file upload-v8.txt (compact mmCIF, C-alpha atoms and all ligand atoms)
# COMPACT_ATOMS: atom_id res chain seq x y z
CA MET W 1 77.70 121.68 122.11
CA GLN W 2 74.27 121.14 120.61
CA VAL W 3 73.48 117.48 119.79
CA ILE W 4 71.03 117.08 116.92
CA GLU W 5 69.50 113.91 115.50
CA THR W 6 67.26 115.12 112.68
CA VAL W 7 67.96 116.66 109.31
CA ALA W 8 65.24 119.27 109.77
CA GLU W 9 66.60 120.53 113.10
CA LEU W 10 70.17 120.54 111.80
CA ARG W 11 69.14 122.64 108.78
CA ARG W 12 67.32 125.13 111.05
CA THR W 13 70.30 125.37 113.38
CA LEU W 14 72.94 125.85 110.68
CA ALA W 15 70.94 128.23 108.45
CA GLY W 16 72.99 131.34 107.70
CA ARG W 17 76.14 130.07 109.43
CA ARG W 18 79.51 129.35 107.81
CA THR W 19 79.99 125.74 108.83
CA ALA W 20 83.14 123.65 108.78
CA LEU W 21 82.19 119.97 108.84
CA VAL W 22 84.10 117.01 110.29
CA PRO W 23 82.36 113.78 109.18
CA THR W 24 83.20 110.74 111.33
CA MET W 25 81.95 107.27 112.17
CA GLY W 26 82.66 107.78 115.88
CA ASN W 27 84.98 105.72 118.10
CA LEU W 28 87.05 108.87 118.17
CA HIS W 29 90.77 109.21 118.83
CA GLU W 30 93.32 112.00 118.74
CA GLY W 31 93.35 111.90 114.91
CA HIS W 32 89.69 112.95 114.82
CA LEU W 33 90.35 115.74 117.30
CA ALA W 34 93.11 116.99 114.99
CA LEU W 35 90.44 117.18 112.24
CA VAL W 36 88.29 119.30 114.56
CA ARG W 37 91.22 121.66 115.24
CA ALA W 38 91.90 121.89 111.50
CA ALA W 39 88.22 122.78 110.91
CA ARG W 40 88.13 125.74 113.29
CA PRO W 41 89.72 128.40 111.00
CA HIS W 42 87.37 127.43 108.15
CA GLY W 43 84.03 128.37 109.67
CA ASP W 44 82.29 130.27 112.43
CA CYS W 45 80.61 127.02 113.40
CA VAL W 46 82.31 123.62 113.62
CA ALA W 47 79.91 120.73 113.08
CA ALA W 48 80.90 117.08 113.50
CA SER W 49 78.82 114.10 112.47
CA ILE W 50 78.85 110.60 113.89
CA PHE W 51 77.23 108.02 111.65
CA VAL W 52 78.35 104.42 111.09
CA ASN W 53 77.52 104.18 107.41
CA ARG W 54 76.34 100.67 106.54
CA LEU W 55 76.63 101.48 102.82
CA GLN W 56 80.45 101.54 102.94
CA PHE W 57 80.87 98.15 104.66
CA GLY W 58 81.11 94.95 102.62
CA PRO W 59 79.00 91.92 103.64
CA SER W 60 81.99 90.26 105.37
CA GLU W 61 83.25 93.47 107.01
CA ASP W 62 82.95 94.76 110.56
CA PHE W 63 79.74 96.86 110.44
CA ASP W 64 78.14 95.00 113.35
CA ARG W 65 81.24 94.93 115.54
CA TYR W 66 82.34 98.49 114.61
CA PRO W 67 82.67 100.12 118.05
CA ARG W 68 79.90 102.56 119.02
CA SER W 69 80.99 104.79 121.90
CA PHE W 70 78.64 107.75 121.75
CA GLY W 71 79.08 108.98 125.35
CA ALA W 72 82.88 109.15 125.23
CA ASP W 73 82.84 110.54 121.67
CA SER W 74 80.46 113.32 122.52
CA ASP W 75 82.54 114.33 125.59
CA LYS W 76 85.69 114.46 123.43
CA LEU W 77 84.02 116.57 120.74
CA ALA W 78 82.56 118.98 123.29
CA ALA W 79 85.99 119.38 124.92
CA ALA W 80 87.55 119.95 121.49
CA GLY W 81 85.16 122.87 120.89
CA VAL W 82 82.67 121.38 118.42
CA ASP W 83 79.56 123.59 118.26
CA VAL W 84 77.07 121.16 116.72
CA LEU W 85 77.11 117.36 116.74
CA PHE W 86 74.88 115.59 114.21
CA THR W 87 74.11 111.98 115.19
CA PRO W 88 71.32 110.71 112.97
CA GLN W 89 69.80 107.27 113.37
CA GLU W 90 70.05 105.07 110.29
CA ALA W 91 66.36 105.69 109.41
CA GLU W 92 66.98 109.43 109.39
CA LEU W 93 69.72 109.28 106.75
CA TYR W 94 68.32 106.29 104.88
CA PRO W 95 64.52 106.49 105.30
CA GLU W 96 64.17 104.38 102.17
CA PRO W 97 66.65 102.05 100.44
CA GLN W 98 69.40 104.25 98.99
CA SER W 99 69.01 103.29 95.33
CA TYR W 100 70.50 106.53 94.01
CA ARG W 101 74.25 106.35 94.57
CA VAL W 102 77.28 108.26 93.43
CA GLU W 103 78.92 106.66 90.41
CA LEU W 104 82.69 106.85 90.59
CA PRO W 105 85.46 106.78 87.99
CA GLU W 106 87.97 103.96 87.45
CA LEU W 107 90.10 105.30 90.30
CA ALA W 108 87.57 103.73 92.68
CA GLY W 109 88.27 100.24 91.32
CA GLN W 110 91.89 100.12 92.42
CA LEU W 111 93.76 100.04 95.77
CA GLU W 112 91.05 100.19 98.47
CA GLY W 113 88.35 99.85 95.81
CA ALA W 114 89.88 96.60 94.52
CA PHE W 115 89.93 94.98 97.97
CA ARG W 116 86.77 96.57 99.39
CA PRO W 117 84.27 96.63 96.51
CA GLY W 118 81.54 99.19 97.13
CA PHE W 119 83.45 100.92 99.95
CA LEU W 120 84.30 104.12 98.08
CA HIS W 121 80.83 104.31 96.49
CA GLY W 122 79.33 104.06 99.97
CA VAL W 123 81.65 106.76 101.27
CA ALA W 124 80.98 109.11 98.34
CA THR W 125 77.21 108.63 98.66
CA VAL W 126 77.03 109.35 102.39
CA VAL W 127 79.48 112.25 102.10
CA LEU W 128 77.39 113.82 99.32
CA LYS W 129 74.26 113.38 101.47
CA LEU W 130 76.01 115.00 104.45
CA PHE W 131 77.21 117.86 102.23
CA ASN W 132 73.64 118.43 100.98
CA ILE W 133 72.25 118.34 104.51
CA VAL W 134 74.90 120.49 106.21
CA GLN W 135 75.86 122.69 103.22
CA PRO W 136 79.24 123.41 104.78
CA ALA W 137 81.74 125.99 103.56
CA ALA W 138 84.53 123.50 104.28
CA ALA W 139 84.93 119.86 105.25
CA VAL W 140 87.99 118.20 106.78
CA PHE W 141 89.30 114.73 105.85
CA GLY W 142 92.37 112.86 107.13
CA LYS W 143 95.21 112.00 104.76
CA LYS W 144 95.37 108.45 106.17
CA ASP W 145 92.40 107.62 103.94
CA CYS W 146 94.29 108.94 100.94
CA GLN W 147 92.05 107.51 98.23
CA GLN W 148 88.88 108.57 100.06
CA LEU W 149 90.26 112.11 100.25
CA LEU W 150 91.06 112.18 96.52
CA ILE W 151 87.64 110.78 95.58
CA VAL W 152 85.85 113.38 97.71
CA ARG W 153 88.02 116.19 96.40
CA ASN W 154 87.38 115.18 92.76
CA MET W 155 83.66 114.71 93.39
CA VAL W 156 83.37 118.21 94.86
CA ARG W 157 85.27 119.73 91.93
CA GLN W 158 83.43 117.84 89.17
CA LEU W 159 79.97 118.32 90.69
CA ASN W 160 80.65 122.04 91.41
CA LEU W 161 79.94 121.83 95.13
CA PRO W 162 80.94 125.11 96.80
CA ILE W 163 82.90 123.36 99.56
CA GLU W 164 86.58 123.64 100.41
CA ILE W 165 88.07 120.22 101.15
CA VAL W 166 90.71 120.59 103.87
CA PRO W 167 93.24 117.75 104.17
CA CYS W 168 94.68 116.94 107.60
CA GLU W 169 97.98 115.13 108.30
CA THR W 170 97.81 111.58 109.66
CA ALA W 171 98.07 111.48 113.47
CA ARG W 172 100.49 108.81 114.71
CA ALA W 173 101.38 107.08 117.96
CA ALA W 174 104.94 107.66 119.21
CA ASP W 175 106.06 104.42 117.49
CA GLY W 176 104.70 105.58 114.12
CA LEU W 177 101.47 103.58 113.97
CA ALA W 178 98.77 105.64 112.24
CA LEU W 179 95.90 106.26 114.65
CA SER W 180 92.79 104.38 113.57
CA SER W 181 89.53 103.31 115.15
CA ARG W 182 90.45 99.76 114.12
CA ASN W 183 93.67 99.73 116.21
CA GLY W 184 91.42 98.82 119.13
CA TYR W 185 90.89 95.37 117.58
CA LEU W 186 94.64 94.52 117.89
CA SER W 187 95.83 92.09 120.59
CA GLY W 188 98.86 93.16 122.69
CA ALA W 189 101.28 91.22 120.47
CA GLU W 190 99.67 92.60 117.31
CA ARG W 191 99.86 96.15 118.64
CA ALA W 192 103.61 95.66 119.19
CA GLU W 193 103.99 94.40 115.60
CA ALA W 194 101.69 96.99 113.98
CA PRO W 195 104.25 99.85 113.55
CA ARG W 196 106.06 97.64 111.00
CA LEU W 197 103.58 98.88 108.39
CA HIS W 198 104.78 102.47 108.80
CA ARG W 199 108.44 101.37 108.99
CA THR W 200 107.97 99.51 105.69
CA LEU W 201 106.70 102.67 104.02
CA GLU W 202 109.55 104.72 105.50
CA ASP W 203 112.06 102.17 104.21
CA LEU W 204 110.57 102.40 100.70
CA ARG W 205 110.72 106.19 100.87
CA ARG W 206 114.43 106.05 101.86
CA ARG W 207 115.20 103.77 98.92
CA ILE W 208 113.30 105.95 96.47
CA LEU W 209 115.07 109.06 97.77
CA ALA W 210 118.38 107.20 97.33
CA GLY W 211 117.55 106.86 93.62
CA SER W 212 115.68 103.57 93.24
CA ARG W 213 112.99 103.87 90.53
CA ASP W 214 111.97 100.23 89.98
CA TYR W 215 108.71 100.72 91.83
CA PRO W 216 107.18 97.30 91.06
CA ALA W 217 110.30 95.58 92.48
CA LEU W 218 110.24 97.77 95.60
CA GLU W 219 106.54 97.04 96.11
CA ALA W 220 107.05 93.28 95.71
CA GLU W 221 109.95 93.25 98.21
CA ALA W 222 107.94 95.22 100.75
CA MET W 223 104.98 92.82 100.40
CA GLU W 224 107.35 89.88 100.92
CA GLN W 225 108.84 91.44 104.07
CA LEU W 226 105.37 91.99 105.53
CA ALA W 227 104.30 88.44 104.67
CA LYS W 228 107.44 87.06 106.40
CA ASN W 229 106.28 88.80 109.58
CA GLN W 230 102.80 87.28 109.69
CA TRP W 231 101.04 90.06 107.76
CA LYS W 232 98.68 89.37 104.87
CA PRO W 233 99.31 92.36 102.60
CA ASP W 234 96.63 93.46 100.12
CA TYR W 235 98.92 95.94 98.42
CA VAL W 236 101.99 98.09 98.74
CA ALA W 237 101.91 100.67 95.96
CA VAL W 238 103.94 103.67 94.84
CA ARG W 239 101.60 106.11 93.11
CA LYS W 240 101.37 109.70 91.92
CA GLN W 241 99.86 112.01 94.53
CA SER W 242 97.75 113.82 91.91
CA ASP W 243 95.65 110.88 90.68
CA LEU W 244 96.95 107.69 92.39
CA GLN W 245 98.04 106.27 89.03
CA ALA W 246 101.37 104.42 88.63
CA PRO W 247 104.19 106.94 88.28
CA ALA W 248 106.71 107.26 85.45
CA PRO W 249 110.35 107.48 86.62
CA THR W 250 110.19 111.25 86.00
CA ASP W 251 107.18 111.88 88.26
CA ARG W 252 108.14 113.83 91.38
CA GLN W 253 105.19 113.98 93.80
CA LEU W 254 104.61 110.44 95.03
CA VAL W 255 102.63 108.68 97.72
CA ILE W 256 103.45 105.22 99.03
CA LEU W 257 100.39 103.33 100.21
CA ALA W 258 99.87 100.01 101.94
CA ALA W 259 97.02 97.90 103.25
CA ALA W 260 97.60 94.67 105.13
CA ARG W 261 95.88 92.40 107.56
CA LEU W 262 97.41 91.61 110.94
CA GLY W 263 95.40 88.79 112.45
CA THR W 264 91.81 89.78 111.70
CA THR W 265 92.49 93.51 111.62
CA ARG W 266 93.05 95.31 108.34
CA LEU W 267 95.29 98.38 108.63
CA ILE W 268 96.07 101.03 106.01
CA ASP W 269 98.74 103.71 105.91
CA ASN W 270 100.53 105.97 103.45
CA ILE W 271 103.31 108.54 103.31
CA GLU W 272 103.99 111.23 100.74
CA THR W 273 107.35 111.94 99.24
CA SER W 274 108.86 114.37 96.69
CA VAL W 275 111.74 113.01 94.63
O1 LIG M 301 86.54 108.35 107.14
C1 LIG M 301 85.46 108.06 107.70
O2 LIG M 301 85.35 108.02 108.94
C2 LIG M 301 84.23 107.73 106.84
O3 LIG M 301 84.60 107.08 105.67
C3 LIG M 301 83.38 108.98 106.54
C4 LIG M 301 84.14 110.00 105.71
C5 LIG M 301 82.90 109.61 107.84
C6 LIG M 301 82.14 108.57 105.73
O4 LIG M 301 81.35 107.66 106.42
call {"tool": "encode", "arguments": {"input": "upload-v8.txt", "output": "C-alpha cells"}}
result
Amino acid sequence: MQVIETVAELRRTLAGRRTALVPTMGNLHEGHLALVRAARPHGDCVAASIFVNRLQFGPSEDFDRYPRSFGADSDKLAAAGVDVLFTPQEAELYPEPQSYRVELPELAGQLEGAFRPGFLHGVATVVLKLFNIVQPAAAVFGKKDCQQLLIVRNMVRQLNLPIEIVPCETARAADGLALSSRNGYLSGAERAEAPRLHRTLEDLRRRILAGSRDYPALEAEAMEQLAKNQWKPDYVAVRKQSDLQAPAPTDRQLVILAAARLGTTRLIDNIETSV
C-alpha cells in the first residue's frame, strides 16, 4: 500500500487508473473495512483517505478528542487490500481558509443538520474536494450515516459528477449496536446499554409492519422510552427513504432514524423497512 500525503503526488499516482474511493476520518473498525471490500469491484485501484475534517465539527464537538490512530489504521487498510492511502495534513487540504463551501438544500437543515449545524455542509465540502482531487469512478459510503449518504448522492447527481456512489450496509456488533468510531467513548455500563438504540428502531419497525401508521405517536413513544433509560434523544423519526421527508400513510419505502446521547457520547442509527 502506497501512503501519500500530498495532492500533487496523489494525482500523479492515480492518473489513468479507475479508482474506487473510501473516504474516512480514521479510527477504523470493521465497518470501514466492509467499505473497502465493497469498493474493490468498482475500480482497479482502491484508494482510502484518512482526514479528520475540522469543517464538519461544531465548536462544542469532539474535534480535538477525536481519536487519531494512524499506525493501527494503516495496518488495517493494508491488510484489507487498499492500494493507495491518502493522509493529507490539514494545511494540504485547507492551505487557506475554506471560504468557498457547498451550499445545501433544506434537507440539510433537518435531522442531523438540525442538531449539528454546519456538519453536513462540512461533509459535502470536504467530500467534493476529495472527489476533485482523486477523481474516482466510484466512492463508498456507509448507510449508518443515512443523511450524509443522501446528501452526497444528490450532490453528485445535481452537479453532474461522473462518480458512482456505492452504499454499504451498516456493520453491527453481535448485540446489534452499529459500529462507530465514537463507541470507543462509551464506559462499560454505557456499552451494555447502547444496543437499546437499535432495539428501539427494531421495535418501531415491528409496529409499523403490524399496521401502525401514526408515525408521530410512534416517534414520541420511542423518545420517551429512551429518555426513561437515561438517554437524551435528539430525534427518532420515520421518514421516506427517497428524500428523508415525513411519509404519508401510503408511502412504502421507509427509514427509521434515531440520534441520542448516552452520557457524553452521541450515537446515531437507522434501519430501512418496506411496508
Ligand atoms: O463519514 C465520515 O467518516 C466522514 O463524514 C467523511 C465522509 C469521511 C467526510 O469527512
call {"tool": "closest_residue", "arguments": {"input": "upload-v8.txt", "among": "W:Gln98, W:Asn27, W:Ser242, W:Gln110", "to": "ligand LIG 301 (chain M)", "atoms": "all atoms listed in the file"}}
result
W:Asn27
call {"tool": "residues_around", "arguments": {"input": "upload-v8.txt", "residues": "Ser99 (chain W)", "least_positions_apart": "5", "cutoff": "12 Å", "atoms": "all atoms listed in the file", "output": "CSV table (one decimal) with C-alpha atoms, in the frame of the given file"}}
result
chain,number,residue,atom,x,y,z
W,55,LEU,CA,76.6,101.5,102.8
W,94,TYR,CA,68.3,106.3,104.9
W,121,HIS,CA,80.8,104.3,96.5
W,122,GLY,CA,79.3,104.1,100.0
W,125,THR,CA,77.2,108.6,98.7
call {"tool": "axis_aligned_box", "arguments": {"input": "upload-v8.txt", "around": "ligand LIG 301 (chain M)", "padding_each_side": "8 Å", "output": "AutoDock Vina command-line options"}}
result
--center_x 83.9 --center_y 108.5 --center_z 107.3 --size_x 21.2 --size_y 18.9 --size_z 19.3
call {"tool": "closest_atom_pairs", "arguments": {"input": "upload-v8.txt", "of": "chain W", "to": "ligand LIG 301 (chain M)", "cutoff": "8 Å", "atoms": "all atoms listed in the file", "output": "JSON lines"}}
result
{"residue": "W:Val22", "atom": "CA", "partner": "M:LIG301", "partner_atom": "C5", "distance": 7.9}
{"residue": "W:Pro23", "atom": "CA", "partner": "M:LIG301", "partner_atom": "C5", "distance": 4.4}
{"residue": "W:Thr24", "atom": "CA", "partner": "M:LIG301", "partner_atom": "C5", "distance": 3.7}
{"residue": "W:Met25", "atom": "CA", "partner": "M:LIG301", "partner_atom": "O2", "distance": 4.7}
{"residue": "W:Gly26", "atom": "CA", "partner": "M:LIG301", "partner_atom": "O2", "distance": 7.4}
{"residue": "W:Ser49", "atom": "CA", "partner": "M:LIG301", "partner_atom": "C5", "distance": 7.6}
{"residue": "W:Ile50", "atom": "CA", "partner": "M:LIG301", "partner_atom": "C5", "distance": 7.3}
{"residue": "W:Phe51", "atom": "CA", "partner": "M:LIG301", "partner_atom": "O4", "distance": 6.7}
{"residue": "W:Val52", "atom": "CA", "partner": "M:LIG301", "partner_atom": "O4", "distance": 6.4}
{"residue": "W:Asn53", "atom": "CA", "partner": "M:LIG301", "partner_atom": "O4", "distance": 5.3}
{"residue": "W:Gln56", "atom": "CA", "partner": "M:LIG301", "partner_atom": "O4", "distance": 7.1}
{"residue": "W:Gly122", "atom": "CA", "partner": "M:LIG301", "partner_atom": "O4", "distance": 7.7}
{"residue": "W:Val123", "atom": "CA", "partner": "M:LIG301", "partner_atom": "C6", "distance": 4.8}
{"residue": "W:Ala124", "atom": "CA", "partner": "M:LIG301", "partner_atom": "C6", "distance": 7.5}
{"residue": "W:Val126", "atom": "CA", "partner": "M:LIG301", "partner_atom": "O4", "distance": 6.1}
{"residue": "W:Val127", "atom": "CA", "partner": "M:LIG301", "partner_atom": "C6", "distance": 5.8}
{"residue": "W:Phe141", "atom": "CA", "partner": "M:LIG301", "partner_atom": "C4", "distance": 7.0}
{"residue": "W:Gly142", "atom": "CA", "partner": "M:LIG301", "partner_atom": "O1", "distance": 7.4}
{"residue": "W:Asp145", "atom": "CA", "partner": "M:LIG301", "partner_atom": "O1", "distance": 6.7}
{"residue": "W:Gln148", "atom": "CA", "partner": "M:LIG301", "partner_atom": "O3", "distance": 7.2}
call {"tool": "write_last_selection", "arguments": {"input": "upload-v8.txt", "atoms": "C-alpha atoms", "output": "compact mmCIF listing (two decimals), keeping the file's coordinate frame"}}
result
# COMPACT_ATOMS: atom_id res chain seq x y z
CA VAL W 22 84.10 117.01 110.29
CA PRO W 23 82.36 113.78 109.18
CA THR W 24 83.20 110.74 111.33
CA MET W 25 81.95 107.27 112.17
CA GLY W 26 82.66 107.78 115.88
CA SER W 49 78.82 114.10 112.47
CA ILE W 50 78.85 110.60 113.89
CA PHE W 51 77.23 108.02 111.65
CA VAL W 52 78.35 104.42 111.09
CA ASN W 53 77.52 104.18 107.41
CA GLN W 56 80.45 101.54 102.94
CA GLY W 122 79.33 104.06 99.97
CA VAL W 123 81.65 106.76 101.27
CA ALA W 124 80.98 109.11 98.34
CA VAL W 126 77.03 109.35 102.39
CA VAL W 127 79.48 112.25 102.10
CA PHE W 141 89.30 114.73 105.85
CA GLY W 142 92.37 112.86 107.13
CA ASP W 145 92.40 107.62 103.94
CA GLN W 148 88.88 108.57 100.06
call {"tool": "atom_distance", "arguments": {"input": "upload-v8.txt", "atom1": "CA of Ile271 (chain W)", "atom2": "CA of Phe131 (chain W)"}}
result
27.7 Å
call {"tool": "closest_residue", "arguments": {"input": "upload-v8.txt", "among": "W:Ala192, W:Pro247, W:Arg182, W:Arg199", "to": "Asp214 (chain W)", "atoms": "only C-alpha atoms"}}
result
W:Pro247
call {"tool": "closest_residue", "arguments": {"input": "upload-v8.txt", "among": "W:Thr250, W:Ser212, W:Thr170, W:Gln230", "to": "Glu30 (chain W)", "atoms": "all atoms listed in the file"}}
result
W:Thr170
call {"tool": "atom_distance", "arguments": {"input": "upload-v8.txt", "atom1": "CA of Gln2 (chain W)", "atom2": "CA of Arg172 (chain W)"}}
result
29.6 Å
call {"tool": "residues_around", "arguments": {"input": "upload-v8.txt", "residues": "region 68-81 of chain W", "least_positions_apart": "4", "cutoff": "8 Å", "atoms": "all atoms listed in the file", "output": "PDB file with C-alpha atoms, in the frame of the given file"}}
result
ATOM      1  CA  MET W   1      77.700 121.680 122.110  1.00  0.00           C
ATOM      2  CA  GLY W  26      82.660 107.780 115.880  1.00  0.00           C
ATOM      3  CA  ASN W  27      84.980 105.720 118.100  1.00  0.00           C
ATOM      4  CA  LEU W  28      87.050 108.870 118.170  1.00  0.00           C
ATOM      5  CA  LEU W  33      90.350 115.740 117.300  1.00  0.00           C
ATOM      6  CA  VAL W  36      88.290 119.300 114.560  1.00  0.00           C
ATOM      7  CA  ARG W  37      91.220 121.660 115.240  1.00  0.00           C
ATOM      8  CA  VAL W  46      82.310 123.620 113.620  1.00  0.00           C
ATOM      9  CA  ALA W  48      80.900 117.080 113.500  1.00  0.00           C
ATOM     10  CA  LEU W  85      77.110 117.360 116.740  1.00  0.00           C
TER      11      LEU W  85
END
call {"tool": "residues_around", "arguments": {"input": "upload-v8.txt", "residues": "Arg12 (chain W)", "least_positions_apart": "6", "cutoff": "12 Å", "atoms": "only C-alpha atoms", "output": "ChimeraX atom specification"}}
result
/W:4,6,84,133-135
call {"tool": "closest_atom_pairs", "arguments": {"input": "upload-v8.txt", "of": "region 44-64 of chain W", "to": "region 254-265 of chain W", "cutoff": "12 Å", "atoms": "only C-alpha atoms", "output": "CSV"}}
result
residue,atom,partner,partner_atom,distance
W:Ser60,CA,W:Thr264,CA,11.7
W:Glu61,CA,W:Thr265,CA,10.3
W:Asp62,CA,W:Thr265,CA,9.7
call {"tool": "write_last_selection", "arguments": {"input": "upload-v8.txt", "atoms": "C-alpha atoms", "output": "PDB file, in the frame of the given file"}}
result
ATOM      1  CA  SER W  60      81.990  90.260 105.370  1.00  0.00           C
ATOM      2  CA  GLU W  61      83.250  93.470 107.010  1.00  0.00           C
ATOM      3  CA  ASP W  62      82.950  94.760 110.560  1.00  0.00           C
TER       4      ASP W  62
END
call {"tool": "closest_residue", "arguments": {"input": "upload-v8.txt", "among": "W:Leu128, W:Ala114, W:Cys168, W:Ala194", "to": "Trp231 (chain W)", "atoms": "only C-alpha atoms"}}
result
W:Ala194
call {"tool": "residues_near_point", "arguments": {"input": "upload-v8.txt", "point": "(90.2, 118.8, 100.8)", "cutoff": "12 Å", "atoms": "all atoms listed in the file", "output": "number ranges by chain"}}
result
W: 20-22, 35, 38-39, 42, 137-143, 145-157, 162-169
call {"tool": "closest_residue", "arguments": {"input": "upload-v8.txt", "among": "W:Pro249, W:Pro216, W:Pro97, W:Pro195", "to": "Asn229 (chain W)", "atoms": "all atoms listed in the file"}}
result
W:Pro195
call {"tool": "atom_distance", "arguments": {"input": "upload-v8.txt", "atom1": "CA of His32 (chain W)", "atom2": "CA of Leu201 (chain W)"}}
result
22.6 Å
call {"tool": "residues_around", "arguments": {"input": "upload-v8.txt", "residues": "Glu202 (chain W)", "least_positions_apart": "5", "cutoff": "10 Å", "atoms": "all atoms listed in the file", "output": "VMD selection string"}}
result
chain W and resid 176 196 to 197 207 to 208 256 270 to 273
call {"tool": "decode", "arguments": {"input": "upload-v8.txt", "residues": "region 61-75 of chain W", "atoms": "N, CA, C and O atoms", "output": "PDB file, in the first residue's frame"}}
result
ATOM      1  N   GLU W  61     -18.088  20.321  19.656  1.00  0.00           N
ATOM      2  CA  GLU W  61     -17.980  18.886  19.360  1.00  0.00           C
ATOM      3  C   GLU W  61     -16.556  18.364  19.600  1.00  0.00           C
ATOM      4  O   GLU W  61     -15.698  19.084  20.082  1.00  0.00           O
ATOM      5  N   ASP W  62     -16.357  17.077  19.210  1.00  0.00           N
ATOM      6  CA  ASP W  62     -15.173  16.362  19.686  1.00  0.00           C
ATOM      7  C   ASP W  62     -13.982  16.385  18.723  1.00  0.00           C
ATOM      8  O   ASP W  62     -13.230  15.419  18.669  1.00  0.00           O
ATOM      9  N   PHE W  63     -13.796  17.489  17.965  1.00  0.00           N
ATOM     10  CA  PHE W  63     -12.668  17.508  17.006  1.00  0.00           C
ATOM     11  C   PHE W  63     -11.332  17.212  17.699  1.00  0.00           C
ATOM     12  O   PHE W  63     -10.559  16.385  17.235  1.00  0.00           O
ATOM     13  N   ASP W  64     -11.081  17.876  18.833  1.00  0.00           N
ATOM     14  CA  ASP W  64      -9.770  17.715  19.473  1.00  0.00           C
ATOM     15  C   ASP W  64      -9.584  16.329  20.073  1.00  0.00           C
ATOM     16  O   ASP W  64      -8.494  15.775  20.036  1.00  0.00           O
ATOM     17  N   ARG W  65     -10.705  15.769  20.621  1.00  0.00           N
ATOM     18  CA  ARG W  65     -10.514  14.448  21.253  1.00  0.00           C
ATOM     19  C   ARG W  65     -10.833  13.304  20.281  1.00  0.00           C
ATOM     20  O   ARG W  65     -10.779  12.132  20.649  1.00  0.00           O
ATOM     21  N   TYR W  66     -11.181  13.638  19.006  1.00  0.00           N
ATOM     22  CA  TYR W  66     -11.478  12.571  18.046  1.00  0.00           C
ATOM     23  C   TYR W  66     -10.237  11.689  17.907  1.00  0.00           C
ATOM     24  O   TYR W  66      -9.135  12.181  17.637  1.00  0.00           O
ATOM     25  N   PRO W  67     -10.359  10.376  18.124  1.00  0.00           N
ATOM     26  CA  PRO W  67      -9.160   9.542  18.193  1.00  0.00           C
ATOM     27  C   PRO W  67      -8.378   9.504  16.873  1.00  0.00           C
ATOM     28  O   PRO W  67      -8.958   9.326  15.817  1.00  0.00           O
ATOM     29  N   ARG W  68      -7.083   9.724  16.963  1.00  0.00           N
ATOM     30  CA  ARG W  68      -6.192   9.594  15.801  1.00  0.00           C
ATOM     31  C   ARG W  68      -5.327   8.359  16.041  1.00  0.00           C
ATOM     32  O   ARG W  68      -4.603   8.298  17.032  1.00  0.00           O
ATOM     33  N   SER W  69      -5.440   7.374  15.152  1.00  0.00           N
ATOM     34  CA  SER W  69      -4.716   6.114  15.375  1.00  0.00           C
ATOM     35  C   SER W  69      -4.113   5.668  14.059  1.00  0.00           C
ATOM     36  O   SER W  69      -4.438   4.606  13.530  1.00  0.00           O
ATOM     37  N   PHE W  70      -3.220   6.519  13.520  1.00  0.00           N
ATOM     38  CA  PHE W  70      -2.736   6.297  12.157  1.00  0.00           C
ATOM     39  C   PHE W  70      -2.057   4.934  11.967  1.00  0.00           C
ATOM     40  O   PHE W  70      -2.328   4.241  10.983  1.00  0.00           O
ATOM     41  N   GLY W  71      -1.208   4.543  12.925  1.00  0.00           N
ATOM     42  CA  GLY W  71      -0.443   3.299  12.750  1.00  0.00           C
ATOM     43  C   GLY W  71      -1.365   2.099  12.598  1.00  0.00           C
ATOM     44  O   GLY W  71      -1.274   1.324  11.629  1.00  0.00           O
ATOM     45  N   ALA W  72      -2.297   1.960  13.539  1.00  0.00           N
ATOM     46  CA  ALA W  72      -3.232   0.819  13.506  1.00  0.00           C
ATOM     47  C   ALA W  72      -4.113   0.906  12.267  1.00  0.00           C
ATOM     48  O   ALA W  72      -4.377  -0.109  11.605  1.00  0.00           O
ATOM     49  N   ASP W  73      -4.564   2.121  11.929  1.00  0.00           N
ATOM     50  CA  ASP W  73      -5.446   2.288  10.761  1.00  0.00           C
ATOM     51  C   ASP W  73      -4.739   1.855   9.486  1.00  0.00           C
ATOM     52  O   ASP W  73      -5.308   1.156   8.639  1.00  0.00           O
ATOM     53  N   SER W  74      -3.501   2.285   9.351  1.00  0.00           N
ATOM     54  CA  SER W  74      -2.792   1.992   8.116  1.00  0.00           C
ATOM     55  C   SER W  74      -2.519   0.474   7.995  1.00  0.00           C
ATOM     56  O   SER W  74      -2.645  -0.100   6.914  1.00  0.00           O
ATOM     57  N   ASP W  75      -2.237  -0.197   9.129  1.00  0.00           N
ATOM     58  CA  ASP W  75      -2.065  -1.661   9.086  1.00  0.00           C
ATOM     59  C   ASP W  75      -3.358  -2.334   8.634  1.00  0.00           C
ATOM     60  O   ASP W  75      -3.352  -3.266   7.825  1.00  0.00           O
TER      61      ASP W  75
END
